[in-house]
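A.B. asks: The structure's right below; bear with me while I get my questions together.
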Amino acid sequence: KLYFDYCASTPLHPKVAEQLFCTSEQLYANPSSVHEMGFEANQRVEESRERLSTILHVEPSEVIFTSGATESNNLAIIGAVRTWMKKTSQTPHVISTQIEHSSVFNCCKQLVGEGVEITFLPVDHNGIVSIASIEKAIQVNTMLVSVMHVNNETGSIQPIHEIGKLLRAKPHIYFHVDGVQGFGKLALELDDIDLYTLSGHKIGGPKGIGLLIVKEHVELTPLFFGGEQENGLRPGTTNVPGVLSLVEAIEISYSEREEKMQGLTVLHDLVYSKLEEIPEIIMNSPRPPLSAPHIINFSYKGTGVTSALLISILAKQGIIVSSQSACSSTAKTSRVLMAMTNDEILSSSSIRLSFHESVTPDDVRYLVHSISHMIHQVKSQNKFALL
Ligand code: PLP
């Protein structure tokens with residue numbers, strides 16, 4: 001089988017797997033315990049936090065380990081809104097976009113039901129939000145802007161560094177970035193970002209671990225209540241093997257970033273150019289530099305063809321792909337593509353290909369061949385259906 005669904009999850013990097021195995025076996029003591037084994041586990045967690053803070057140029061106290069990006073996004077948004085509500089009687093206003101991952105989008109929708117004002121900004125045909133629209137949406141009660149770095153369905157890159165600069169002049173508005181699909185792919189500068197989300201299993205780390213960078217000046221209200229772990233922001237026994245493995249994965253993906261990006265850009269160009277030649281296909285992702293080079297999204301143009309049908313035809317040829325994020329995979333129409341195209345047909349017949357540094361040019365040649373075969377099959381099935 002050939003797997004092209006690396007945005008949904010990645011295999012453990014061999015060095016991370018070794019780290020996970022060794023620490024699970026040896027460092028099993030609770031790092032909050034006041035005995036020698038607990039102290040050692042705690043020391044290893046704090047060393048990892050320090051290493052991470054050096055890589056990301058933040059303070060160790062600004063690194064909060066969580067169970068993954070879904071929790072980090074919820075903590076950032078709900079935590080900031082609840083603090084605002086405790087401090088002022090003014091209704092909080094949050095600005096986000098129509099293309100965020102469901103862990104941001106549905107979290108914001110939940111808050112709408114609780115009386116919070118949310119503006120979901122539209123995007124252009126490339127899936128990119130404009131700075132002007134953010135500037136225009138800011139109100140006196142705006143207290144948070146949440147925009148992802150790289151869209152998980154199309155790869156479209158959002159102008160987070162420009163948004164950060166815009167918000168620098170408005171220190172009362174927190175800026176949150178869901179960095180899950182951009183980390184280890186694109187250059188990152190956290191100076192103007194107040195809250196930053198990352199997930200382990202998208203970068204060769206284990207599932208069930210992630211982090212939220214919470215800058216010193218940001219006041220969050222925790223979502224859960226219990227112990228004092230993670231500055232009191234995230235109670236619960238620290239996942240020691242998870243933390244150590246996550247930091248290992250981050251170090252690896254950070255140090256190999258530029259080299260990997262060169263390889264992925266070549267693969268992206270090869271696949272994109274070939275798919276563009278197929279008349280029944282419409283490309284939804286823009287090309288780099290507007291898109292990250294590990295994602296290509298396209299749709300079948302004809303009516304009555306669903307993403308599920310296309311995925312199953314490719315699966316019969318041993319090709320594993322998806323259409324939307326795994327967290328939205330039951331929806332028939334892609335919310336992200338609807339925001340970009342406003343076209344129901346294209347939004348319900350999309351395929352997302354996502355790549356990894358282990359994919360070879362031969363793999364993508366077979367992929368392109370299988371997609372051509374899939375189109376041929378769909379066309380002949382449609383012809384019979386019309387007879
Ligand atoms: N944000 C984005 C952009 C994602 O792609 C994903 C996973 O698909 C998430 C958040 C959620 O990540 P996790 O599985 O760590 O909760």
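Naming scheme: A, B, ... for chains in displayed order of the structure tokens; residues 1 onward per chain; ligands 1 onward as shown.
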Could you tell me, counting only C-alpha atoms and all ligand atoms, which protein and nucleic acid residues lie no more than 6 Å from ligand 1, written as a ChimeraX atom specification?

C.D. replies: /A:8,68-70,101,103,152,178,180-181,199,325

A.B. asks: For Gly184 (chain A), please output as a list in words all residues within 9 Å (counting only C-alpha atoms; exclusion window: fewer than 5 positions along the same chain).

C.D. replies: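 Here the answer would be Ile203, Ile250, Ile252, Ser253, Tyr254, Ser255, Glu256, Arg257, Glu258, Lys260 and Met261 of chain A.
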
A.B. asks: Could you give me, as a list in words, the residues within 12 Å of Val378 (chain A), counting only C-alpha atoms and dropping anything in the same chain fewer than 6 positions from it?

C.D. replies: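 Result of the neighbour search: Glu280, Ile281, Tyr300, Lys301, Gly302, Thr303, Gly304, Val305, Thr306, Ser307, Leu309, Leu310, Ile311, Ser312, Ile313, Leu314, Ser349, Ile371, Ser372, Phe384 and Ala385 of chain A.
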
A.B. asks: Do a neighbour search on Ile157 (chain A) at 8 Å with only C-alpha atoms, toss out local chain neighbours closer than 6 positions, and write the hits as a VMD selection string.

C.D. replies: chain A and resid 128 149 to 151 290 to 292

A.B. asks: Take the residues that were just selected and, keeping N, CA and C atoms, output them as an mmCIF file, in the first residue's frame.

C.D. replies:
```cif
data_model
loop_
_atom_site.group_PDB
_atom_site.id
_atom_site.type_symbol
_atom_site.label_atom_id
_atom_site.label_comp_id
_atom_site.auth_asym_id
_atom_site.auth_seq_id
_atom_site.Cartn_x
_atom_site.Cartn_y
_atom_site.Cartn_z
ATOM 1 N N ILE A 128 -6.942 31.906 1.171
ATOM 2 C CA ILE A 128 -6.107 32.758 2.037
ATOM 3 C C ILE A 128 -6.931 33.945 2.548
ATOM 4 N N HIS A 149 -1.826 28.479 10.611
ATOM 5 C CA HIS A 149 -0.674 28.803 9.757
ATOM 6 C C HIS A 149 -0.870 28.201 8.358
ATOM 7 N N VAL A 150 -1.071 26.879 8.318
ATOM 8 C CA VAL A 150 -1.249 26.194 7.029
ATOM 9 C C VAL A 150 -2.567 25.432 7.090
ATOM 10 N N ASN A 151 -3.412 25.613 6.076
ATOM 11 C CA ASN A 151 -4.688 24.891 6.084
ATOM 12 C C ASN A 151 -4.463 23.402 5.853
ATOM 13 N N LEU A 290 2.314 29.966 -2.318
ATOM 14 C CA LEU A 290 1.041 30.239 -1.642
ATOM 15 C C LEU A 290 0.584 29.040 -0.815
ATOM 16 N N SER A 291 1.146 27.877 -1.136
ATOM 17 C CA SER A 291 0.752 26.662 -0.415
ATOM 18 C C SER A 291 1.998 25.960 0.116
ATOM 19 N N ALA A 292 1.812 25.214 1.204
ATOM 20 C CA ALA A 292 2.915 24.394 1.723
ATOM 21 C C ALA A 292 3.079 23.195 0.798
#
```

A.B. asks: Find the residues around Thr10 (chain A) up to 7 Å (only C-alpha atoms counted), leave out those fewer than 5 positions away in its own chain, and share them as a list in words.

C.D. replies: His201, Lys202, Ile203 and Gly204 of chain A

A.B. asks: Step one, run DSSP on the backbone; step two, keep only residues of region 98-201 of chain A assigned to helix (DSSP H, G or I); then write them as a CSV table (one decimal) with C-alpha atoms, in the first residue's frame.

C.D. replies:
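And here is the file that came out, selection.csv:
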```
chain,number,residue,atom,x,y,z
A,102,SER,CA,-12.8,21.8,13.4
A,103,SER,CA,-11.0,22.0,16.8
A,104,VAL,CA,-11.0,25.8,16.3
A,105,PHE,CA,-14.2,26.2,14.2
A,106,ASN,CA,-16.4,24.1,16.4
A,107,CYS,CA,-14.9,25.5,19.6
A,108,CYS,CA,-15.9,29.0,18.3
A,109,LYS,CA,-19.3,27.8,17.3
A,110,GLN,CA,-19.8,26.4,20.8
A,111,LEU,CA,-18.9,29.8,22.2
A,112,VAL,CA,-21.5,31.5,19.9
A,113,GLY,CA,-24.1,29.4,21.7
A,131,ILE,CA,-5.0,41.3,6.4
A,132,ALA,CA,-7.5,44.0,5.3
A,133,SER,CA,-10.5,41.9,6.3
A,134,ILE,CA,-8.9,41.3,9.7
A,135,GLU,CA,-8.2,45.0,10.2
A,136,LYS,CA,-11.8,45.8,9.2
A,137,ALA,CA,-13.3,43.2,11.5
A,160,ILE,CA,0.4,34.9,10.2
A,161,HIS,CA,3.5,37.1,10.5
A,162,GLU,CA,1.7,40.0,8.9
A,163,ILE,CA,-1.3,39.5,11.1
A,164,GLY,CA,1.1,39.4,14.1
A,165,LYS,CA,2.6,42.8,13.0
A,166,LEU,CA,-0.9,44.3,12.6
A,167,LEU,CA,-1.9,43.2,16.1
A,168,ARG,CA,1.4,44.4,17.7
A,200,GLY,CA,3.0,15.5,18.2
A,201,HIS,CA,1.6,12.9,15.8
```

A.B. asks: Which residue out of A:Glu219, A:Asn73, A:Ile95, A:Glu36 has the minimum interatomic distance to Gly179 (chain A) when only C-alpha atoms are used?

C.D. replies: A:Asn73

A.B. asks: I'd like to know which residues of region 243-356 of chain A are strand (DSSP E or B) (by DSSP, run on the backbone); could you write them as a PyMOL selection string?

C.D. replies: chain A and resi 281-283+291+295-300+319-320+322+350-354

A.B. asks: Excluding Ser146 (chain A) and residues on its chain fewer than 4 positions from it, collect all residues at most 7 Å away from it, counting only C-alpha atoms, and give them as a list of chain:residue names.

C.D. replies: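 Near neighbours after the sequence-gap exclusion: A:Ile95, A:Ser96, A:Phe175, A:His176, A:Val177.
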
A.B. asks: Any chance you could tabulate, as a tab-separated table, the residues of region 131-187 of chain A at most 12 Å from region 79-89 of chain A with each one's nearest atom pair and distance in Å to one decimal, using only C-alpha atoms, in chain and rising number order?

C.D. replies:
```
residue	atom	partner	partner_atom	distance
A:Asn141	CA	A:Trp84	CA	9.9
A:Thr142	CA	A:Trp84	CA	10.3
A:Met143	CA	A:Trp84	CA	7.7
A:Leu144	CA	A:Ala80	CA	7.6
A:Val145	CA	A:Ala80	CA	10.7
A:Ser146	CA	A:Ala80	CA	11.2
A:His172	CA	A:Trp84	CA	10.3
A:Ile173	CA	A:Ala80	CA	10.1
A:Tyr174	CA	A:Ala80	CA	8.1
A:Phe175	CA	A:Ala80	CA	10.4
A:His176	CA	A:Ala80	CA	10.0
```

A.B. asks: Put those residues in a file: N, CA and C atoms, as a PDB file, in the first residue's frame.

C.D. replies:
```pdb
ATOM      1  N   ASN A 141     -14.523  45.512  21.304  1.00  0.00           N
ATOM      2  CA  ASN A 141     -14.530  44.364  22.225  1.00  0.00           C
ATOM      3  C   ASN A 141     -13.782  43.146  21.665  1.00  0.00           C
ATOM      4  N   THR A 142     -13.031  43.319  20.574  1.00  0.00           N
ATOM      5  CA  THR A 142     -12.257  42.181  20.040  1.00  0.00           C
ATOM      6  C   THR A 142     -11.136  41.857  21.029  1.00  0.00           C
ATOM      7  N   MET A 143     -11.069  40.582  21.448  1.00  0.00           N
ATOM      8  CA  MET A 143     -10.034  40.223  22.417  1.00  0.00           C
ATOM      9  C   MET A 143      -9.155  39.061  21.932  1.00  0.00           C
ATOM     10  N   LEU A 144      -9.526  38.455  20.795  1.00  0.00           N
ATOM     11  CA  LEU A 144      -8.738  37.322  20.299  1.00  0.00           C
ATOM     12  C   LEU A 144      -8.885  37.200  18.785  1.00  0.00           C
ATOM     13  N   VAL A 145      -7.748  36.941  18.115  1.00  0.00           N
ATOM     14  CA  VAL A 145      -7.770  36.582  16.690  1.00  0.00           C
ATOM     15  C   VAL A 145      -7.138  35.200  16.606  1.00  0.00           C
ATOM     16  N   SER A 146      -7.840  34.258  15.959  1.00  0.00           N
ATOM     17  CA  SER A 146      -7.300  32.902  15.836  1.00  0.00           C
ATOM     18  C   SER A 146      -7.251  32.511  14.358  1.00  0.00           C
ATOM     19  N   HIS A 172      -4.049  44.478  23.599  1.00  0.00           N
ATOM     20  CA  HIS A 172      -5.164  43.875  24.346  1.00  0.00           C
ATOM     21  C   HIS A 172      -5.825  42.746  23.554  1.00  0.00           C
ATOM     22  N   ILE A 173      -5.452  42.595  22.253  1.00  0.00           N
ATOM     23  CA  ILE A 173      -6.008  41.491  21.448  1.00  0.00           C
ATOM     24  C   ILE A 173      -4.966  40.374  21.390  1.00  0.00           C
ATOM     25  N   TYR A 174      -5.331  39.199  21.901  1.00  0.00           N
ATOM     26  CA  TYR A 174      -4.408  38.065  21.817  1.00  0.00           C
ATOM     27  C   TYR A 174      -4.439  37.492  20.398  1.00  0.00           C
ATOM     28  N   PHE A 175      -3.275  37.001  19.946  1.00  0.00           N
ATOM     29  CA  PHE A 175      -3.200  36.353  18.628  1.00  0.00           C
ATOM     30  C   PHE A 175      -2.850  34.879  18.825  1.00  0.00           C
ATOM     31  N   HIS A 176      -3.770  34.010  18.399  1.00  0.00           N
ATOM     32  CA  HIS A 176      -3.550  32.562  18.501  1.00  0.00           C
ATOM     33  C   HIS A 176      -3.344  31.962  17.115  1.00  0.00           C
TER      34      HIS A 176
END
```

A.B. asks: Rank A:Lys185, A:Gln317, A:Ile55, A:Tyr272 by their smallest atom-to-atom distance to His356 (chain A), using only C-alpha atoms, and report the top residue only.

C.D. replies: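 Checking each candidate against His356 (chain A), we get A:Lys185 as the closest.
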
A.B. asks: Given only C-alpha atoms as the basis, pick out the residue of A:Ile296, A:Leu56, A:Glu46, A:Thr97 nearest to Glu276 (chain A).

C.D. replies: A:Ile296

A.B. asks: Determine the nearest neighbour of Thr54 (chain A) from the options A:Val243, A:Glu114, A:Glu153, A:Glu251, counting only C-alpha atoms.

C.D. replies: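 Closest residue, counting only C-alpha atoms: A:Glu251.
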
A.B. asks: Please compute the CA of Ser245 (chain A)-CA of Ser358 (chain A) distance, one decimal, in Å.

C.D. replies: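 Atom-to-atom, CA of Ser245 (chain A) to CA of Ser358 (chain A), that is 19.9 Å.
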
A.B. asks: Just the residues within 10 Å of Gln324 (chain A), please, counting only C-alpha atoms, with nothing from its chain fewer than 6 positions along; format it as a list in words.

C.D. replies: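 What passes the distance filter is Cys7, Ala8, His101, Asn152, Glu153, Thr154, Asn297, Ser307, Thr330, Ala331, Lys332, Thr333, Ser334, Arg335, Val336, Leu337, Ser347, Ser348, Ser350, Ile351, Arg352 and Leu353 of chain A.
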
A.B. asks: Would you save the residues of that selection, restricted to C-alpha atoms, as a PDB file, in the first residue's frame?

C.D. replies:
```pdb
ATOM      1  CA  CYS A   7      -1.622  15.319   7.245  1.00  0.00           C
ATOM      2  CA  ALA A   8      -3.918  12.992   9.157  1.00  0.00           C
ATOM      3  CA  HIS A 101      -9.693  23.026  11.633  1.00  0.00           C
ATOM      4  CA  ASN A 152      -4.926  21.138   6.621  1.00  0.00           C
ATOM      5  CA  GLU A 153      -7.066  20.478   3.504  1.00  0.00           C
ATOM      6  CA  THR A 154      -5.441  22.668   0.868  1.00  0.00           C
ATOM      7  CA  ASN A 297      -6.075  19.145  -3.030  1.00  0.00           C
ATOM      8  CA  SER A 307     -15.001  11.997  -2.552  1.00  0.00           C
ATOM      9  CA  THR A 330     -18.171  12.237   8.043  1.00  0.00           C
ATOM     10  CA  ALA A 331     -19.186  15.538   6.376  1.00  0.00           C
ATOM     11  CA  LYS A 332     -20.042  15.015   2.671  1.00  0.00           C
ATOM     12  CA  THR A 333     -19.179  18.553   1.624  1.00  0.00           C
ATOM     13  CA  SER A 334     -15.961  20.263   2.585  1.00  0.00           C
ATOM     14  CA  ARG A 335     -16.544  23.472   4.557  1.00  0.00           C
ATOM     15  CA  VAL A 336     -13.059  24.671   3.549  1.00  0.00           C
ATOM     16  CA  LEU A 337     -13.701  24.192  -0.175  1.00  0.00           C
ATOM     17  CA  SER A 347     -16.662  20.702  -2.487  1.00  0.00           C
ATOM     18  CA  SER A 348     -18.062  17.175  -2.387  1.00  0.00           C
ATOM     19  CA  SER A 350     -12.300  16.572  -3.438  1.00  0.00           C
ATOM     20  CA  ILE A 351      -9.216  14.516  -2.725  1.00  0.00           C
ATOM     21  CA  ARG A 352      -6.400  15.570  -0.417  1.00  0.00           C
ATOM     22  CA  LEU A 353      -2.949  14.137  -1.073  1.00  0.00           C
TER      23      LEU A 353
END
```
